[in-house]
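What's in input29.pdb: PDB, C-alpha atoms and all ligand atoms
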```pdb
ATOM      1  CA  MET A 263     110.504  90.135 115.981  1.00  0.00           C
ATOM      2  CA  ARG A 264     112.593  91.067 112.972  1.00  0.00           C
ATOM      3  CA  CYS A 265     111.062  93.215 110.208  1.00  0.00           C
ATOM      4  CA  TRP A 266     110.146  90.920 107.303  1.00  0.00           C
ATOM      5  CA  PHE A 267     110.789  93.626 104.720  1.00  0.00           C
ATOM      6  CA  CYS A 268     114.386  94.588 105.555  1.00  0.00           C
ATOM      7  CA  ASP A 269     115.506  91.698 107.772  1.00  0.00           C
ATOM      8  CA  VAL A 270     117.604  94.227 109.666  1.00  0.00           C
ATOM      9  CA  ARG A 271     115.582  96.291 112.102  1.00  0.00           C
ATOM     10  CA  ASP A 272     113.106  95.212 114.746  1.00  0.00           C
ATOM     11  CA  ALA A 273     109.461  95.209 113.751  1.00  0.00           C
ATOM     12  CA  GLU A 274     107.071  97.533 115.561  1.00  0.00           C
ATOM     13  CA  THR A 275     103.459  96.648 116.235  1.00  0.00           C
ATOM     14  CA  GLU A 276     102.050  99.960 115.012  1.00  0.00           C
ATOM     15  CA  HIS A 277     103.816  99.575 111.665  1.00  0.00           C
ATOM     16  CA  VAL A 278     102.851  95.990 110.903  1.00  0.00           C
ATOM     17  CA  TYR A 279     101.520  95.393 107.382  1.00  0.00           C
ATOM     18  CA  GLN A 280      98.031  93.919 107.598  1.00  0.00           C
ATOM     19  CA  VAL A 281      96.047  92.201 104.920  1.00  0.00           C
ATOM     20  CA  GLU A 282      92.738  90.370 104.904  1.00  0.00           C
ATOM     21  CA  MET A 283      92.138  87.321 102.759  1.00  0.00           C
ATOM     22  CA  TYR A 284      89.034  85.255 102.244  1.00  0.00           C
ATOM     23  CA  GLY A 285      88.436  81.793 100.882  1.00  0.00           C
ATOM     24  CA  ASP A 286      86.579  78.508 101.220  1.00  0.00           C
ATOM     25  CA  VAL A 287      83.507  80.230  99.847  1.00  0.00           C
ATOM     26  CA  ASP A 288      80.473  78.002 100.039  1.00  0.00           C
ATOM     27  CA  THR A 289      77.179  79.188  98.613  1.00  0.00           C
ATOM     28  CA  ARG A 290      73.991  77.311  99.390  1.00  0.00           C
ATOM     29  CA  LYS A 291      70.681  78.188  97.866  1.00  0.00           C
ATOM     30  CA  THR A 292      67.504  77.589  99.820  1.00  0.00           C
ATOM     31  CA  PRO A 293      64.073  78.435  98.391  1.00  0.00           C
ATOM     32  CA  SER A 294      63.920  81.712 100.308  1.00  0.00           C
ATOM     33  CA  GLN A 295      67.506  82.858 100.462  1.00  0.00           C
ATOM     34  CA  THR A 296      71.103  82.247  99.555  1.00  0.00           C
ATOM     35  CA  GLN A 297      73.478  81.412 102.347  1.00  0.00           C
ATOM     36  CA  VAL A 298      77.102  82.212 101.896  1.00  0.00           C
ATOM     37  CA  ALA A 299      79.805  80.862 104.157  1.00  0.00           C
ATOM     38  CA  TYR A 300      83.451  81.756 103.879  1.00  0.00           C
ATOM     39  CA  ASN A 301      86.555  82.155 105.984  1.00  0.00           C
ATOM     40  CA  VAL A 302      88.441  85.384 106.464  1.00  0.00           C
ATOM     41  CA  ARG A 303      92.057  85.320 107.535  1.00  0.00           C
ATOM     42  CA  HIS A 304      93.900  88.263 108.923  1.00  0.00           C
ATOM     43  CA  VAL A 305      97.600  88.226 108.065  1.00  0.00           C
ATOM     44  CA  GLU A 306     100.133  90.467 109.765  1.00  0.00           C
ATOM     45  CA  VAL A 307     103.561  90.930 108.277  1.00  0.00           C
ATOM     46  CA  PRO A 308     106.068  92.354 110.782  1.00  0.00           C
ATOM     47  CA  ARG A 309     107.425  95.707 109.650  1.00  0.00           C
ATOM     48  CA  CYS A 310     109.637  98.444 111.088  1.00  0.00           C
ATOM     49  CA  ALA A 311     108.936 102.192 111.032  1.00  0.00           C
ATOM     50  CA  ASP A 312     111.559 102.802 108.354  1.00  0.00           C
ATOM     51  CA  CYS A 313     110.155 100.234 105.924  1.00  0.00           C
ATOM     52  CA  HIS A 314     106.669 101.596 106.604  1.00  0.00           C
ATOM     53  CA  SER A 315     107.573 105.133 105.578  1.00  0.00           C
ATOM     54  CA  ARG A 316     109.464 103.819 102.547  1.00  0.00           C
ATOM     55  CA  HIS A 317     106.351 101.931 101.478  1.00  0.00           C
ATOM     56  CA  VAL A 318     104.230 105.076 101.861  1.00  0.00           C
ATOM     57  CA  ILE A 319     106.657 107.121  99.724  1.00  0.00           C
ATOM     58  CA  ALA A 320     106.845 104.309  97.148  1.00  0.00           C
ATOM     59  CA  PHE A 321     103.040 104.236  96.993  1.00  0.00           C
ATOM     60  CA  TYR A 322     102.761 107.961  96.306  1.00  0.00           C
ATOM     61  CA  ALA A 323     105.564 107.768  93.762  1.00  0.00           C
ATOM     62  CA  LEU A 324     103.569 105.069  91.981  1.00  0.00           C
ATOM     63  CA  VAL A 325     100.372 107.152  92.063  1.00  0.00           C
ATOM     64  CA  ILE A 326     102.186 110.178  90.624  1.00  0.00           C
ATOM     65  CA  SER A 327     103.843 108.094  87.917  1.00  0.00           C
ATOM     66  CA  LEU A 328     100.452 106.675  86.884  1.00  0.00           C
ATOM     67  CA  ILE A 329      99.049 110.208  86.660  1.00  0.00           C
ATOM     68  CA  MET A 330     102.064 111.138  84.516  1.00  0.00           C
ATOM     69  CA  VAL A 331     101.390 108.214  82.184  1.00  0.00           C
ATOM     70  CA  ILE A 332      97.872 109.597  81.665  1.00  0.00           C
ATOM     71  CA  ALA A 333      99.245 113.132  81.206  1.00  0.00           C
ATOM     72  CA  LEU A 334     101.705 111.801  78.637  1.00  0.00           C
ATOM     73  CA  ALA A 335      98.934 109.984  76.785  1.00  0.00           C
ATOM     74  CA  PHE A 336      96.946 113.232  76.621  1.00  0.00           C
ATOM     75  CA  ALA A 337      99.990 115.114  75.329  1.00  0.00           C
ATOM     76  CA  ILE A 338     100.359 112.545  72.562  1.00  0.00           C
ATOM     77  CA  LEU A 339      96.636 112.827  71.742  1.00  0.00           C
ATOM     78  CA  ALA A 340      96.957 116.613  71.671  1.00  0.00           C
ATOM     79  CA  ALA A 341      99.869 116.293  69.276  1.00  0.00           C
ATOM     80  CA  VAL A 342      98.135 113.818  66.988  1.00  0.00           C
ATOM     81  CA  LEU A 343      94.830 115.696  66.900  1.00  0.00           C
ATOM     82  CA  SER A 344      96.494 119.135  66.877  1.00  0.00           C
ATOM     83  CA  TRP A 345      94.497 120.376  69.863  1.00  0.00           C
ATOM     84  CA  THR A 346      97.235 122.724  70.989  1.00  0.00           C
ATOM     85  CA  PRO A 347     100.201 124.461  69.368  1.00  0.00           C
ATOM     86  CA  GLN A 348     103.307 122.340  69.152  1.00  0.00           C
ATOM     87  CA  TRP A 349     105.194 124.101  71.948  1.00  0.00           C
ATOM     88  CA  ILE A 350     102.394 123.462  74.430  1.00  0.00           C
ATOM     89  CA  TRP A 351     102.120 119.716  73.923  1.00  0.00           C
ATOM     90  CA  GLY A 352     105.890 119.522  73.582  1.00  0.00           C
ATOM     91  CA  LEU A 353     106.395 121.175  76.963  1.00  0.00           C
ATOM     92  CA  TRP A 354     103.564 119.156  78.452  1.00  0.00           C
ATOM     93  CA  ALA A 355     104.988 115.845  77.195  1.00  0.00           C
ATOM     94  CA  GLY A 356     108.467 116.801  78.363  1.00  0.00           C
ATOM     95  CA  LEU A 357     107.270 117.636  81.861  1.00  0.00           C
ATOM     96  CA  ALA A 358     105.171 114.483  82.125  1.00  0.00           C
ATOM     97  CA  ALA A 359     107.999 112.268  80.872  1.00  0.00           C
ATOM     98  CA  GLY A 360     110.489 113.925  83.219  1.00  0.00           C
ATOM     99  CA  LEU A 361     108.254 113.553  86.255  1.00  0.00           C
ATOM    100  CA  LEU A 362     107.443 109.967  85.265  1.00  0.00           C
ATOM    101  CA  LEU A 363     111.115 109.030  85.125  1.00  0.00           C
ATOM    102  CA  GLY A 364     111.782 110.949  88.337  1.00  0.00           C
ATOM    103  CA  THR A 365     109.062 109.235  90.348  1.00  0.00           C
ATOM    104  CA  LEU A 366     110.008 105.806  88.997  1.00  0.00           C
ATOM    105  CA  LEU A 367     113.605 106.482  90.006  1.00  0.00           C
ATOM    106  CA  ILE A 368     112.510 107.589  93.496  1.00  0.00           C
ATOM    107  CA  ARG A 369     110.455 104.422  93.820  1.00  0.00           C
ATOM    108  CA  PHE A 370     113.351 102.272  92.728  1.00  0.00           C
ATOM    109  CA  LEU A 371     115.796 103.938  95.119  1.00  0.00           C
ATOM    110  CA  ILE A 372     113.444 104.008  98.104  1.00  0.00           C
ATOM    111  CA  LEU A 373     112.655 100.288  97.778  1.00  0.00           C
ATOM    112  CA  LYS A 374     116.269  99.297  97.183  1.00  0.00           C
ATOM    113  CA  GLY A 375     117.345  96.705  99.723  1.00  0.00           C
ATOM    114  CA  ILE A 376     113.895  96.108 101.198  1.00  0.00           C
ATOM    115  CA  ARG A 377     110.974  94.020 100.060  1.00  0.00           C
ATOM    116  CA  SER A 378     107.968  95.793  98.581  1.00  0.00           C
ATOM    117  CA  ILE A 379     104.306  95.366  99.503  1.00  0.00           C
ATOM    118  CA  HIS A 380     103.872  93.670  96.146  1.00  0.00           C
ATOM    119  CA  GLN A 381     106.544  91.096  97.058  1.00  0.00           C
ATOM    120  CA  ALA A 382     104.875  90.539 100.428  1.00  0.00           C
ATOM    121  CA  ARG A 383     101.621  89.776  98.642  1.00  0.00           C
ATOM    122  CA  ILE A 384     103.354  87.104  96.581  1.00  0.00           C
ATOM    123  CA  THR A 385     106.146  85.663  98.681  1.00  0.00           C
ATOM    124  CA  HIS A 386     105.308  86.077 102.381  1.00  0.00           C
ATOM    125  CA  PRO A 387     104.997  82.469 103.643  1.00  0.00           C
ATOM    126  CA  GLU A 388     101.611  82.883 105.316  1.00  0.00           C
ATOM    127  CA  ILE A 389     100.081  84.758 102.348  1.00  0.00           C
ATOM    128  CA  LYS A 390     101.645  82.325  99.888  1.00  0.00           C
ATOM    129  CA  ASP A 391     100.174  79.458 101.839  1.00  0.00           C
ATOM    130  CA  LEU A 392      96.696  81.015 101.716  1.00  0.00           C
ATOM    131  CA  LEU A 393      97.029  81.817  97.994  1.00  0.00           C
ATOM    132  CA  GLU A 394      97.814  78.174  97.406  1.00  0.00           C
ATOM    133  CA  LYS A 395      94.592  77.350  99.225  1.00  0.00           C
ATOM    134  CA  CYS A 396      92.808  79.600  96.698  1.00  0.00           C
ATOM    135  CA  TYR A 397      92.297  82.463  99.130  1.00  0.00           C
ATOM    136  CA  ARG A 398      91.983  85.931  97.629  1.00  0.00           C
ATOM    137  CA  PHE A 399      92.706  89.402  98.931  1.00  0.00           C
ATOM    138  CA  GLY A 400      89.796  91.204 100.483  1.00  0.00           C
ATOM    139  CA  ARG A 401      87.304  90.921 103.262  1.00  0.00           C
ATOM    140  CA  ARG A 402      84.380  89.276 101.522  1.00  0.00           C
ATOM    141  CA  PRO A 403      83.527  87.461  98.285  1.00  0.00           C
ATOM    142  CA  LYS A 404      82.607  89.670  95.354  1.00  0.00           C
ATOM    143  CA  GLY A 405      79.468  89.446  93.246  1.00  0.00           C
ATOM    144  CA  SER A 406      75.991  88.720  94.428  1.00  0.00           C
ATOM    145  CA  PRO A 407      75.385  86.009  95.104  1.00  0.00           C
ATOM    146  CA  PRO A 408      79.043  84.946  95.279  1.00  0.00           C
ATOM    147  CA  LYS A 409      79.990  81.699  93.653  1.00  0.00           C
ATOM    148  CA  SER A 410      81.170  78.744  95.637  1.00  0.00           C
ATOM    149  CA  ASP A 411      84.844  77.972  95.368  1.00  0.00           C
ATOM    150  CA  LYS A 412      85.649  75.044  93.227  1.00  0.00           C
ATOM    151  CA  PRO A 413      87.720  72.441  95.000  1.00  0.00           C
ATOM    152  CA  CYS A 414      91.194  73.881  95.187  1.00  0.00           C
ATOM    153  CA  ASP A 415      94.073  72.042  93.509  1.00  0.00           C
ATOM    154  CA  ALA A 416      96.216  72.267  96.600  1.00  0.00           C
ATOM    155  CA  PRO A 417      95.447  69.731  99.327  1.00  0.00           C
ATOM    156  CA  SER A 418      93.226  71.597 101.714  1.00  0.00           C
ATOM    157  CA  ASP A 419      94.054  71.215 105.372  1.00  0.00           C
ATOM    158  CA  GLN A 420      90.459  72.171 105.973  1.00  0.00           C
ATOM    159  CA  ASP A 421      90.911  73.613 109.459  1.00  0.00           C
ATOM    160  CA  ALA A 422      91.950  77.184 110.130  1.00  0.00           C
ATOM    161  CA  SER A 423      94.701  75.810 112.389  1.00  0.00           C
ATOM    162  CA  GLY A 424      94.519  78.928 114.535  1.00  0.00           C
ATOM    163  CA  THR A 425      97.995  80.288 113.951  1.00  0.00           C
ATOM    164  CA  VAL A 426      96.775  83.845 113.565  1.00  0.00           C
ATOM    165  CA  PRO A 427      97.213  85.740 116.821  1.00  0.00           C
TER     166      PRO A 427
HETATM  167 ZN    ZN B   1     112.201  97.030 107.979  1.00  0.00          ZN
END
```

Written as structure tokens, that's how I'd like the structure from this file.
Amino acid sequence: MRCWFCDVRDAETEHVYQVEMYGDVDTRKTPSQTQVAYNVRHVEVPRCADCHSRHVIAFYALVISLIMVIALAFAILAAVLSWTPQWIWGLWAGLAAGLLLGTLLIRFLILKGIRSIHQARITHPEIKDLLEKCYRFGRRPKGSPPKSDKPCDAPSDQDASGTVP
């Protein structure tokens, strides 16, 4: 099977992108307990080794850039509240801004020409289909007790049509 992310290389089973989604939450209250029923769907998006490692690098680049945003915010606070001498927060802000731009650039370049995880979570046909059926990402409903799903706008084909291998 072809990798969904690059459309070029062959997908490999050990590099497949997996995501769990749940939906059709139905909560019933009985005098003694609350029963919650829901469906979980396991979606596998075919992926090659190359796209997998690109996604890992892109993830870490994103983490580092978020840390740099926080570092930059602290540098600005330090400047405004005069916590440190000017040269310290100046250097600090410069480093944070430089690393932020660098990691964003790395992320941009590494994901060039392939689809990102974020795109998969929006546009992959099977995920899109489940999102339209009001499924959400995750393994189980949040909150206790979880709320029942309101009837979904999309026509629900009620069955789980067993297409997941
Ligand atoms: Zn690929």

Which polymer residues have any atom within 10 Å of an atom of range 299-304 of chain A, counting only C-alpha atoms, with same-chain residues fewer than 6 positions away left out, as a PDB file with C-alpha atoms, in the frame of the given file?
```pdb
ATOM      1  CA  GLN A 280      98.031  93.919 107.598  1.00  0.00           C
ATOM      2  CA  VAL A 281      96.047  92.201 104.920  1.00  0.00           C
ATOM      3  CA  GLU A 282      92.738  90.370 104.904  1.00  0.00           C
ATOM      4  CA  MET A 283      92.138  87.321 102.759  1.00  0.00           C
ATOM      5  CA  TYR A 284      89.034  85.255 102.244  1.00  0.00           C
ATOM      6  CA  GLY A 285      88.436  81.793 100.882  1.00  0.00           C
ATOM      7  CA  ASP A 286      86.579  78.508 101.220  1.00  0.00           C
ATOM      8  CA  VAL A 287      83.507  80.230  99.847  1.00  0.00           C
ATOM      9  CA  ASP A 288      80.473  78.002 100.039  1.00  0.00           C
ATOM     10  CA  THR A 289      77.179  79.188  98.613  1.00  0.00           C
ATOM     11  CA  ARG A 290      73.991  77.311  99.390  1.00  0.00           C
ATOM     12  CA  ILE A 389     100.081  84.758 102.348  1.00  0.00           C
ATOM     13  CA  LEU A 392      96.696  81.015 101.716  1.00  0.00           C
ATOM     14  CA  TYR A 397      92.297  82.463  99.130  1.00  0.00           C
ATOM     15  CA  ARG A 398      91.983  85.931  97.629  1.00  0.00           C
ATOM     16  CA  PHE A 399      92.706  89.402  98.931  1.00  0.00           C
ATOM     17  CA  GLY A 400      89.796  91.204 100.483  1.00  0.00           C
ATOM     18  CA  ARG A 401      87.304  90.921 103.262  1.00  0.00           C
ATOM     19  CA  ARG A 402      84.380  89.276 101.522  1.00  0.00           C
ATOM     20  CA  PRO A 403      83.527  87.461  98.285  1.00  0.00           C
ATOM     21  CA  PRO A 408      79.043  84.946  95.279  1.00  0.00           C
ATOM     22  CA  SER A 410      81.170  78.744  95.637  1.00  0.00           C
ATOM     23  CA  ASP A 411      84.844  77.972  95.368  1.00  0.00           C
ATOM     24  CA  ALA A 422      91.950  77.184 110.130  1.00  0.00           C
ATOM     25  CA  GLY A 424      94.519  78.928 114.535  1.00  0.00           C
ATOM     26  CA  VAL A 426      96.775  83.845 113.565  1.00  0.00           C
ATOM     27  CA  PRO A 427      97.213  85.740 116.821  1.00  0.00           C
TER      28      PRO A 427
END
```

Please check which protein, DNA or RNA residues sit within 6 Å of ligand ZN 1 (chain B), counting all atoms listed in the file, and write them as a ChimeraX atom specification. /A:265,267-268,271,309-310,312-313

Just write the chosen residues, C-alpha atoms, as a compact mmCIF listing (two decimals), in the coordinates of the input.
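Resulting contents of result23.txt:
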```
# COMPACT_ATOMS: atom_id res chain seq x y z
CA CYS A 265 111.06 93.22 110.21
CA PHE A 267 110.79 93.63 104.72
CA CYS A 268 114.39 94.59 105.56
CA ARG A 271 115.58 96.29 112.10
CA ARG A 309 107.42 95.71 109.65
CA CYS A 310 109.64 98.44 111.09
CA ASP A 312 111.56 102.80 108.35
CA CYS A 313 110.16 100.23 105.92
```

If you apply the PyMOL selection byres (((chain A and resi 317) around 10) and not hetatm) to this file, what residues do you get, as a list in words? Phe267, Ala311, Asp312, Cys313, His314, Ser315, Arg316, Val318, Ile319, Ala320, Phe321, Tyr322, Ala323, Arg369, Ile372, Leu373, Ile376, Arg377, Ser378 and Ile379 of chain A

What would the file look like if the residues just selected were written as a CSV table (one decimal), keeping the file's coordinate frame with C-alpha atoms?
```
chain,number,residue,atom,x,y,z
A,267,PHE,CA,110.8,93.6,104.7
A,311,ALA,CA,108.9,102.2,111.0
A,312,ASP,CA,111.6,102.8,108.4
A,313,CYS,CA,110.2,100.2,105.9
A,314,HIS,CA,106.7,101.6,106.6
A,315,SER,CA,107.6,105.1,105.6
A,316,ARG,CA,109.5,103.8,102.5
A,318,VAL,CA,104.2,105.1,101.9
A,319,ILE,CA,106.7,107.1,99.7
A,320,ALA,CA,106.8,104.3,97.1
A,321,PHE,CA,103.0,104.2,97.0
A,322,TYR,CA,102.8,108.0,96.3
A,323,ALA,CA,105.6,107.8,93.8
A,369,ARG,CA,110.5,104.4,93.8
A,372,ILE,CA,113.4,104.0,98.1
A,373,LEU,CA,112.7,100.3,97.8
A,376,ILE,CA,113.9,96.1,101.2
A,377,ARG,CA,111.0,94.0,100.1
A,378,SER,CA,108.0,95.8,98.6
A,379,ILE,CA,104.3,95.4,99.5
```

Contact residues around Lys390 in chain A with all atoms listed in the file at 12 Å, ignoring same-chain residues under 4 positions, as a PyMOL selection string: chain A and resi 283+305+381-386+394-399+416

May I have the residues within 7 Å of Val278 in chain A as a compact mmCIF listing (two decimals) with C-alpha atoms, in the coordinates of the input, using only C-alpha atoms and disregarding those fewer than 4 positions away in the same chain?
```
# COMPACT_ATOMS: atom_id res chain seq x y z
CA GLU A 274 107.07 97.53 115.56
CA GLU A 306 100.13 90.47 109.76
CA VAL A 307 103.56 90.93 108.28
CA PRO A 308 106.07 92.35 110.78
CA ARG A 309 107.42 95.71 109.65
```

Quick one: of A:Pro387, A:Ala359, A:Ser406, A:Glu276, who's nearest to Ile326 in chain A, counting all atoms listed in the file? A:Ala359

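Going from CA of Ala341 in chain A to CA of Gly364 in chain A covers 23.1 Å.
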
What's around Ile329 in chain A at 12 Å? Count all atoms listed in the file, leave out sequence neighbours fewer than 4 positions away in its own chain, and write the answer as a PyMOL selection string. chain A and resi 322-325+333-336+358-359+361-362+365

How many Å separate CA of Leu366 in chain A from CA of Thr346 in chain A? 27.8 Å

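The two atoms in question, CA of Leu343 in chain A and CA of Ser327 in chain A, are spaced 24.1 Å apart.
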